[in-house]
file upload.pdb (PDB, C-alpha atoms)
ATOM      1  CA  MET A   5       0.000   0.000   0.000
ATOM      2  CA  THR A   6       1.295   3.451  -0.886
ATOM      3  CA  LYS A   7       2.407   5.509   2.087
ATOM      4  CA  LYS A   8       0.434   8.722   1.816
ATOM      5  CA  LEU A   9       2.544  10.929   4.074
ATOM      6  CA  ILE A  10       5.143  13.343   2.698
ATOM      7  CA  ALA A  11       7.308  14.894   5.417
ATOM      8  CA  ALA A  12       8.423  18.432   4.613
ATOM      9  CA  ILE A  13      12.067  18.876   5.583
ATOM     10  CA  ASP A  14      12.059  22.669   5.539
ATOM     11  CA  THR A  15      15.424  23.580   7.021
ATOM     12  CA  PRO A  16      18.633  25.090   5.588
ATOM     13  CA  ASP A  17      20.679  22.988   8.047
ATOM     14  CA  ILE A  18      22.057  20.070   6.039
ATOM     15  CA  ALA A  19      23.015  17.996   9.075
ATOM     16  CA  ARG A  20      19.512  18.359  10.478
ATOM     17  CA  ALA A  21      17.988  17.593   7.083
ATOM     18  CA  ARG A  22      20.072  14.415   6.764
ATOM     19  CA  GLY A  23      19.088  13.325  10.246
ATOM     20  CA  LEU A  24      15.399  14.029   9.730
ATOM     21  CA  ILE A  25      15.285  12.239   6.385
ATOM     22  CA  ALA A  26      16.931   9.144   7.841
ATOM     23  CA  GLU A  27      14.587   9.241  10.828
ATOM     24  CA  LEU A  28      11.363   9.926   8.939
ATOM     25  CA  ALA A  29      11.787   8.029   5.666
ATOM     26  CA  PRO A  30      10.476   4.716   7.085
ATOM     27  CA  HIS A  31       7.153   6.381   7.870
ATOM     28  CA  CYS A  32       6.726   8.348   4.635
ATOM     29  CA  GLY A  33       6.061   7.777   0.968
ATOM     30  CA  LEU A  34       8.407  10.654   0.165
ATOM     31  CA  VAL A  35      10.277  13.462   1.863
ATOM     32  CA  LYS A  36       9.981  17.021   0.617
ATOM     33  CA  LEU A  37      12.923  19.322   0.047
ATOM     34  CA  GLY A  38      11.999  22.852  -0.881
ATOM     35  CA  LEU A  39      13.268  26.188  -2.023
ATOM     36  CA  GLU A  40      14.998  27.240   1.201
ATOM     37  CA  PHE A  41      17.105  24.096   1.372
ATOM     38  CA  PHE A  42      17.876  23.928  -2.349
ATOM     39  CA  LEU A  43      18.957  27.554  -2.649
ATOM     40  CA  HIS A  44      21.198  27.173   0.374
ATOM     41  CA  HIS A  45      22.894  23.890  -0.594
ATOM     42  CA  GLY A  46      22.258  23.290  -4.299
ATOM     43  CA  PRO A  47      22.349  19.932  -6.084
ATOM     44  CA  GLU A  48      25.300  18.582  -4.094
ATOM     45  CA  GLY A  49      23.582  19.319  -0.799
ATOM     46  CA  TYR A  50      20.453  17.652  -2.138
ATOM     47  CA  ARG A  51      22.438  14.494  -2.916
ATOM     48  CA  ARG A  52      24.093  14.494   0.496
ATOM     49  CA  ALA A  53      20.827  14.949   2.345
ATOM     50  CA  ALA A  54      18.625  12.599   0.334
ATOM     51  CA  GLU A  55      21.044   9.652  -0.041
ATOM     52  CA  GLY A  56      18.590   7.575  -2.054
ATOM     53  CA  ALA A  57      15.387   8.556  -0.264
ATOM     54  CA  PRO A  58      12.419   9.266  -2.565
ATOM     55  CA  VAL A  59      12.181  13.054  -2.813
ATOM     56  CA  PHE A  60       9.399  15.475  -3.664
ATOM     57  CA  LEU A  61      11.414  18.477  -4.898
ATOM     58  CA  ASP A  62       9.218  21.507  -4.329
ATOM     59  CA  LEU A  63      10.781  24.407  -6.226
ATOM     60  CA  LYS A  64       7.598  25.772  -7.860
ATOM     61  CA  LEU A  65       9.301  26.679 -11.125
ATOM     62  CA  HIS A  66       7.677  29.677 -12.828
ATOM     63  CA  ASP A  67       9.235  31.445 -15.807
ATOM     64  CA  ILE A  68       9.021  31.540 -19.590
ATOM     65  CA  PRO A  69       8.575  28.065 -21.155
ATOM     66  CA  ASN A  70      12.131  27.702 -22.432
ATOM     67  CA  THR A  71      13.640  28.611 -19.069
ATOM     68  CA  VAL A  72      11.409  26.241 -17.120
ATOM     69  CA  ALA A  73      12.151  23.412 -19.554
ATOM     70  CA  GLY A  74      15.858  24.057 -19.058
ATOM     71  CA  GLY A  75      15.378  24.079 -15.305
ATOM     72  CA  VAL A  76      13.596  20.741 -15.384
ATOM     73  CA  ARG A  77      16.334  19.214 -17.553
ATOM     74  CA  SER A  78      18.951  20.493 -15.114
ATOM     75  CA  LEU A  79      17.200  18.674 -12.260
ATOM     76  CA  LEU A  80      16.709  15.310 -13.948
ATOM     77  CA  GLY A  81      20.096  14.028 -12.776
ATOM     78  CA  LEU A  82      18.928  14.331  -9.179
ATOM     79  CA  ARG A  83      16.148  11.804  -9.858
ATOM     80  CA  PRO A  84      13.377  13.462  -7.823
ATOM     81  CA  LYS A  85      10.145  11.489  -7.806
ATOM     82  CA  MET A  86       8.006  14.635  -8.013
ATOM     83  CA  LEU A  87       8.747  18.199  -9.103
ATOM     84  CA  THR A  88       6.554  21.286  -8.823
ATOM     85  CA  ILE A  89       5.827  24.087 -11.238
ATOM     86  CA  HIS A  90       3.320  26.959 -11.022
ATOM     87  CA  ALA A  91       0.169  26.450 -13.074
ATOM     88  CA  GLN A  92      -0.006  30.223 -13.393
ATOM     89  CA  GLY A  93       2.897  29.970 -15.844
ATOM     90  CA  GLY A  94       0.321  29.002 -18.470
ATOM     91  CA  ALA A  95      -0.277  26.221 -20.964
ATOM     92  CA  ARG A  96       2.975  26.508 -22.923
ATOM     93  CA  MET A  97       5.086  26.577 -19.785
ATOM     94  CA  VAL A  98       3.379  23.483 -18.354
ATOM     95  CA  ALA A  99       3.796  21.638 -21.661
ATOM     96  CA  ALA A 100       7.468  22.585 -21.835
ATOM     97  CA  ALA A 101       8.069  21.257 -18.312
ATOM     98  CA  ALA A 102       6.269  17.984 -19.070
ATOM     99  CA  GLU A 103       8.196  17.486 -22.310
ATOM    100  CA  ALA A 104      11.508  18.130 -20.560
ATOM    101  CA  ALA A 105      10.708  15.633 -17.806
ATOM    102  CA  ALA A 106       9.725  13.000 -20.387
ATOM    103  CA  GLN A 107      13.330  12.893 -21.617
ATOM    104  CA  LEU A 108      14.167  10.712 -18.611
ATOM    105  CA  GLY A 109      11.693   8.041 -19.716
ATOM    106  CA  PRO A 110      10.052   5.755 -17.126
ATOM    107  CA  GLU A 111      12.151   7.210 -14.302
ATOM    108  CA  ARG A 112      10.971  10.753 -15.001
ATOM    109  CA  PRO A 113       9.670  12.896 -12.151
ATOM    110  CA  LYS A 114       5.959  13.477 -11.898
ATOM    111  CA  ILE A 115       5.207  17.098 -12.795
ATOM    112  CA  LEU A 116       2.840  18.652 -10.280
ATOM    113  CA  ALA A 117       1.256  22.031 -10.917
ATOM    114  CA  VAL A 118       0.632  24.345  -7.983
ATOM    115  CA  THR A 119      -2.794  25.956  -8.322
ATOM    116  CA  VAL A 120      -3.405  28.472  -5.504
ATOM    117  CA  LEU A 121      -0.993  28.527  -2.568
ATOM    118  CA  THR A 122      -2.572  27.362   0.680
ATOM    119  CA  SER A 123      -1.485  30.612   2.341
ATOM    120  CA  LEU A 124      -3.843  32.566   0.051
ATOM    121  CA  GLY A 125      -7.538  33.256   0.450
ATOM    122  CA  ALA A 126     -10.099  35.135  -1.618
ATOM    123  CA  PRO A 127      -9.026  38.592  -0.315
ATOM    124  CA  ASP A 128      -5.446  37.874  -1.405
ATOM    125  CA  LEU A 129      -6.584  36.880  -4.891
ATOM    126  CA  ALA A 130      -8.713  40.012  -5.123
ATOM    127  CA  GLU A 131      -5.649  42.141  -4.355
ATOM    128  CA  MET A 132      -3.961  40.479  -7.343
ATOM    129  CA  GLY A 133      -6.896  41.164  -9.654
ATOM    130  CA  VAL A 134      -8.410  37.678  -9.594
ATOM    131  CA  ALA A 135     -12.146  37.929  -9.112
ATOM    132  CA  GLY A 136     -14.280  35.219  -7.538
ATOM    133  CA  GLU A 137     -13.705  32.425  -5.084
ATOM    134  CA  VAL A 138     -10.492  30.487  -4.593
ATOM    135  CA  GLY A 139     -12.147  27.268  -5.758
ATOM    136  CA  ALA A 140     -13.018  28.694  -9.154
ATOM    137  CA  GLN A 141      -9.449  29.843  -9.719
ATOM    138  CA  VAL A 142      -8.124  26.433  -8.663
ATOM    139  CA  LEU A 143     -10.338  24.708 -11.256
ATOM    140  CA  ARG A 144      -9.262  27.117 -14.012
ATOM    141  CA  LEU A 145      -5.575  26.580 -13.308
ATOM    142  CA  ALA A 146      -6.020  22.831 -12.860
ATOM    143  CA  ARG A 147      -7.620  22.484 -16.280
ATOM    144  CA  VAL A 148      -4.788  24.392 -17.949
ATOM    145  CA  ALA A 149      -2.192  22.222 -16.208
ATOM    146  CA  LEU A 150      -3.803  18.831 -16.767
ATOM    147  CA  GLU A 151      -4.626  19.503 -20.398
ATOM    148  CA  ASN A 152      -0.984  20.347 -21.046
ATOM    149  CA  GLY A 153       0.815  17.400 -19.563
ATOM    150  CA  ALA A 154       0.946  17.846 -15.784
ATOM    151  CA  ASP A 155       0.644  14.552 -13.905
ATOM    152  CA  GLY A 156      -1.165  16.113 -11.010
ATOM    153  CA  LEU A 157      -1.753  19.090  -8.815
ATOM    154  CA  VAL A 158      -0.736  20.624  -5.533
ATOM    155  CA  CYS A 159      -3.925  21.927  -3.971
ATOM    156  CA  SER A 160      -5.644  22.737  -0.716
ATOM    157  CA  ALA A 161      -7.633  19.969   0.927
ATOM    158  CA  HIS A 162     -10.719  22.127   0.493
ATOM    159  CA  GLU A 163     -10.493  21.813  -3.292
ATOM    160  CA  ILE A 164     -10.048  18.018  -3.424
ATOM    161  CA  ALA A 165     -13.730  17.162  -3.842
ATOM    162  CA  ALA A 166     -14.251  19.700  -6.617
ATOM    163  CA  LEU A 167     -11.118  18.538  -8.454
ATOM    164  CA  ARG A 168     -12.147  14.893  -8.223
ATOM    165  CA  ALA A 169     -15.652  15.744  -9.446
ATOM    166  CA  GLU A 170     -14.243  17.698 -12.389
ATOM    167  CA  PHE A 171     -11.263  15.547 -13.397
ATOM    168  CA  GLY A 172     -11.844  12.125 -11.855
ATOM    169  CA  ALA A 173      -9.394   9.804 -10.153
ATOM    170  CA  LYS A 174      -6.488  10.107 -12.609
ATOM    171  CA  PRO A 175      -4.732  13.328 -11.499
ATOM    172  CA  LEU A 176      -2.300  12.905  -8.649
ATOM    173  CA  LEU A 177      -3.381  15.226  -5.825
ATOM    174  CA  VAL A 178      -0.719  16.299  -3.341
ATOM    175  CA  VAL A 179      -2.123  18.328  -0.482
ATOM    176  CA  PRO A 180      -0.180  20.661   1.828
ATOM    177  CA  GLY A 181      -1.770  22.739   4.560
ATOM    178  CA  ILE A 182      -2.342  19.615   6.656
ATOM    179  CA  ARG A 183      -2.536  20.038  10.402
ATOM    180  CA  PRO A 184      -3.311  17.282  12.932
ATOM    181  CA  ARG A 185      -5.990  18.232  15.425
ATOM    182  CA  GLY A 186      -4.666  20.755  17.918
ATOM    183  CA  ALA A 187      -1.635  21.778  15.859
ATOM    184  CA  ALA A 188      -0.885  25.470  15.262
ATOM    185  CA  LEU A 189      -1.975  26.789  11.864
ATOM    186  CA  GLY A 190       1.178  28.868  11.259
ATOM    187  CA  ASP A 191       0.854  30.768   7.963
ATOM    188  CA  GLN A 192      -1.702  28.392   6.454
ATOM    189  CA  THR A 193      -5.287  29.547   5.920
ATOM    190  CA  ARG A 194      -6.962  26.609   4.124
ATOM    191  CA  VAL A 195      -6.208  23.564   6.270
ATOM    192  CA  MET A 196      -7.603  20.108   7.053
ATOM    193  CA  THR A 197      -6.619  17.161   9.241
ATOM    194  CA  PRO A 198      -4.746  14.215   7.699
ATOM    195  CA  GLU A 199      -7.730  11.896   8.016
ATOM    196  CA  GLU A 200     -10.130  14.388   6.445
ATOM    197  CA  ALA A 201      -7.820  15.085   3.498
ATOM    198  CA  VAL A 202      -7.268  11.421   2.641
ATOM    199  CA  ALA A 203     -10.967  10.653   3.023
ATOM    200  CA  ALA A 204     -11.693  13.490   0.601
ATOM    201  CA  GLY A 205      -9.411  11.951  -2.035
ATOM    202  CA  ALA A 206      -5.840  13.172  -1.473
ATOM    203  CA  ASP A 207      -3.169  10.840  -2.856
ATOM    204  CA  TYR A 208      -0.516  12.377  -0.613
ATOM    205  CA  ILE A 209      -0.583  14.785   2.314
ATOM    206  CA  VAL A 210       2.330  17.095   3.128
ATOM    207  CA  VAL A 211       3.101  17.754   6.787
ATOM    208  CA  GLY A 212       5.991  19.883   7.984
ATOM    209  CA  ARG A 213       6.186  21.673  11.302
ATOM    210  CA  PRO A 214       3.847  19.332  13.249
ATOM    211  CA  ILE A 215       6.457  16.634  12.527
ATOM    212  CA  THR A 216       9.801  18.445  12.346
ATOM    213  CA  GLY A 217       8.954  20.677  15.318
ATOM    214  CA  ALA A 218       7.849  17.780  17.525
ATOM    215  CA  ASP A 219       9.936  16.557  20.450
ATOM    216  CA  ASP A 220      10.025  13.155  18.736
ATOM    217  CA  PRO A 221       9.661  13.690  14.952
ATOM    218  CA  ALA A 222       9.670   9.975  14.103
ATOM    219  CA  ARG A 223       6.901   9.263  16.573
ATOM    220  CA  ALA A 224       4.859  12.199  15.231
ATOM    221  CA  ALA A 225       5.308  10.972  11.657
ATOM    222  CA  ALA A 226       4.427   7.424  12.592
ATOM    223  CA  ALA A 227       1.215   8.578  14.277
ATOM    224  CA  ILE A 228       0.131  10.609  11.248
ATOM    225  CA  ALA A 229       1.032   7.800   8.847
ATOM    226  CA  ALA A 230      -0.976   5.328  10.910
ATOM    227  CA  SER A 231      -3.972   7.647  10.970
ATOM    228  CA  VAL A 232      -4.210   7.629   7.154
ATOM    229  CA  ALA A 233      -3.050   4.053   6.436
TER     230      ALA A 233
END
call {"tool": "encode", "arguments": {"input": "upload.pdb", "output": "structure tokens"}}
result
Amino acid sequence: MTKKLIAAIDTPDIARARGLIAELAPHCGLVKLGLEFFLHHGPEGYRRAAEGAPVFLDLKLHDIPNTVAGGVRSLLGLRPKMLTIHAQGGARMVAAAAEAAAQLGPERPKILAVTVLTSLGAPDLAEMGVAGEVGAQVLRLARVALENGADGLVCSAHEIAALRAEFGAKPLLVVPGIRPRGAALGDQTRVMTPEEAVAAGADYIVVGRPITGADDPARAAAAIAASVA
């Protein structure tokens, strides 16, 4: 059975990242390394920290199509299992990323398109000139991404049901903004518990601070993994 938990290793400290990955990998389907870590340590630091663990590389690439395609090609040697781009980059950018990833063949990373960041709500979108509810914008961006080669989406748990109703079971849905009951929300605004998100149809849930900030990270990860097994 696929392990649905992705542990977010959001630290620039390579020794801590290595330790957390070794400690948490047995309880997770993947571990997530993001922008802060990658900008601090680069590809070599990634290799040192991951050491063969399956990695969700969350860089949210967003640029002109040619540049994003080049970025994806540059990352293929690291063999991430999943790689994120921004759906807001548009159809041609998504297609360019998917085509670049396909060069690796069966071992290619899954291309996941970020729809609307889980830190954003309707007032934030309005400030950026996007009218309407968050859910409507998520569906618009999801359609652009999936019709142009993305394997799946990064979305809030609150959009899972609508995405499944619109696009069915095929798209891979990876859901951040997950907080176990009683955990602090931090800078997230659209959150759900692990059990609720998986019941709604999430393929993977991403959990960071409730695990990495716990007194016993492995025990925290094991508890969350068991709750959604």
call {"tool": "residues_near_point", "arguments": {"input": "upload.pdb", "point": "(3.7, 16.9, -19.6)", "cutoff": "9 Å", "atoms": "all atoms listed in the file", "output": "number ranges by chain"}}
result
A: 98-106, 114-115, 149-155
call {"tool": "resolve_selection", "arguments": {"input": "upload.pdb", "expression": "the PyMOL selection byres ((chain A and resi 37-42) around 8)", "output": "list in words"}}
result
Ala12, Ile13, Asp14, Thr15, Pro16, Asp17, Ile18, Val35, Lys36, Leu43, His44, His45, Gly46, Pro47, Gly49, Tyr50, Val59, Phe60, Leu61, Asp62 and Leu63 of chain A
call {"tool": "atom_distance", "arguments": {"input": "upload.pdb", "atom1": "CA of Pro184 in chain A", "atom2": "CA of Ala204 in chain A"}}
result
15.4 Å
call {"tool": "closest_residue", "arguments": {"input": "upload.pdb", "among": "A:Lys174, A:Arg51, A:Arg22, A:Arg83", "to": "Leu108 in chain A", "atoms": "all atoms listed in the file"}}
result
A:Arg83
call {"tool": "atom_distance", "arguments": {"input": "upload.pdb", "atom1": "CA of Asp207 in chain A", "atom2": "CA of Gln107 in chain A"}}
result
25.1 Å
call {"tool": "decode", "arguments": {"input": "upload.pdb", "residues": "range 46-72 of chain A", "atoms": "N, CA and C atoms", "output": "short mmCIF file (atom, residue, chain, number, x, y, z; two decimals), in the first residue's frame"}}
result
data_model
loop_
_atom_site.label_atom_id
_atom_site.label_comp_id
_atom_site.auth_asym_id
_atom_site.auth_seq_id
_atom_site.Cartn_x
_atom_site.Cartn_y
_atom_site.Cartn_z
N GLY A 46 22.11 23.69 -2.91
CA GLY A 46 22.26 23.29 -4.30
C GLY A 46 22.17 21.79 -4.52
N PRO A 47 22.46 21.35 -5.75
CA PRO A 47 22.35 19.93 -6.08
C PRO A 47 23.22 19.01 -5.22
N GLU A 48 24.43 19.45 -4.89
CA GLU A 48 25.30 18.58 -4.09
C GLU A 48 24.74 18.38 -2.69
N GLY A 49 24.21 19.46 -2.11
CA GLY A 49 23.58 19.32 -0.80
C GLY A 49 22.36 18.42 -0.85
N TYR A 50 21.62 18.53 -1.94
CA TYR A 50 20.45 17.65 -2.14
C TYR A 50 20.90 16.19 -2.11
N ARG A 51 21.96 15.88 -2.87
CA ARG A 51 22.44 14.49 -2.92
C ARG A 51 22.90 14.02 -1.54
N ARG A 52 23.59 14.88 -0.82
CA ARG A 52 24.09 14.49 0.50
C ARG A 52 22.96 14.25 1.48
N ALA A 53 21.93 15.07 1.39
CA ALA A 53 20.83 14.95 2.34
C ALA A 53 19.93 13.77 2.01
N ALA A 54 19.61 13.60 0.73
CA ALA A 54 18.63 12.60 0.33
C ALA A 54 19.17 11.18 0.43
N GLU A 55 20.38 10.96 -0.09
CA GLU A 55 21.04 9.65 -0.04
C GLU A 55 20.10 8.52 -0.43
N GLY A 56 19.43 8.65 -1.55
CA GLY A 56 18.59 7.57 -2.05
C GLY A 56 17.15 7.60 -1.61
N ALA A 57 16.78 8.47 -0.69
CA ALA A 57 15.39 8.56 -0.26
C ALA A 57 14.54 9.13 -1.40
N PRO A 58 13.29 8.70 -1.53
CA PRO A 58 12.42 9.27 -2.56
C PRO A 58 12.06 10.70 -2.21
N VAL A 59 12.31 11.63 -3.13
CA VAL A 59 12.18 13.05 -2.81
C VAL A 59 11.11 13.73 -3.68
N PHE A 60 10.32 14.53 -3.03
CA PHE A 60 9.40 15.47 -3.66
C PHE A 60 10.14 16.81 -3.64
N LEU A 61 10.63 17.24 -4.81
CA LEU A 61 11.41 18.48 -4.90
C LEU A 61 10.47 19.63 -5.23
N ASP A 62 10.25 20.47 -4.25
CA ASP A 62 9.22 21.51 -4.33
C ASP A 62 9.86 22.87 -4.59
N LEU A 63 10.14 23.14 -5.85
CA LEU A 63 10.78 24.41 -6.23
C LEU A 63 9.81 25.38 -6.89
N LYS A 64 8.64 24.92 -7.27
CA LYS A 64 7.60 25.77 -7.86
C LYS A 64 8.16 26.63 -9.00
N LEU A 65 8.71 25.97 -10.00
CA LEU A 65 9.30 26.68 -11.13
C LEU A 65 8.25 27.52 -11.85
N HIS A 66 8.63 28.74 -12.19
CA HIS A 66 7.68 29.68 -12.83
C HIS A 66 8.48 30.70 -13.62
N ASP A 67 8.48 30.54 -14.95
CA ASP A 67 9.23 31.44 -15.81
C ASP A 67 8.73 31.24 -17.23
N ILE A 68 9.42 31.77 -18.21
CA ILE A 68 9.02 31.54 -19.59
C ILE A 68 9.24 30.06 -19.92
N PRO A 69 8.51 29.51 -20.90
CA PRO A 69 8.57 28.07 -21.15
C PRO A 69 9.98 27.53 -21.36
N ASN A 70 10.79 28.20 -22.14
CA ASN A 70 12.13 27.70 -22.43
C ASN A 70 12.99 27.61 -21.17
N THR A 71 12.85 28.60 -20.30
CA THR A 71 13.64 28.61 -19.07
C THR A 71 13.20 27.51 -18.12
N VAL A 72 11.91 27.31 -17.99
CA VAL A 72 11.41 26.24 -17.12
C VAL A 72 11.81 24.87 -17.66
#
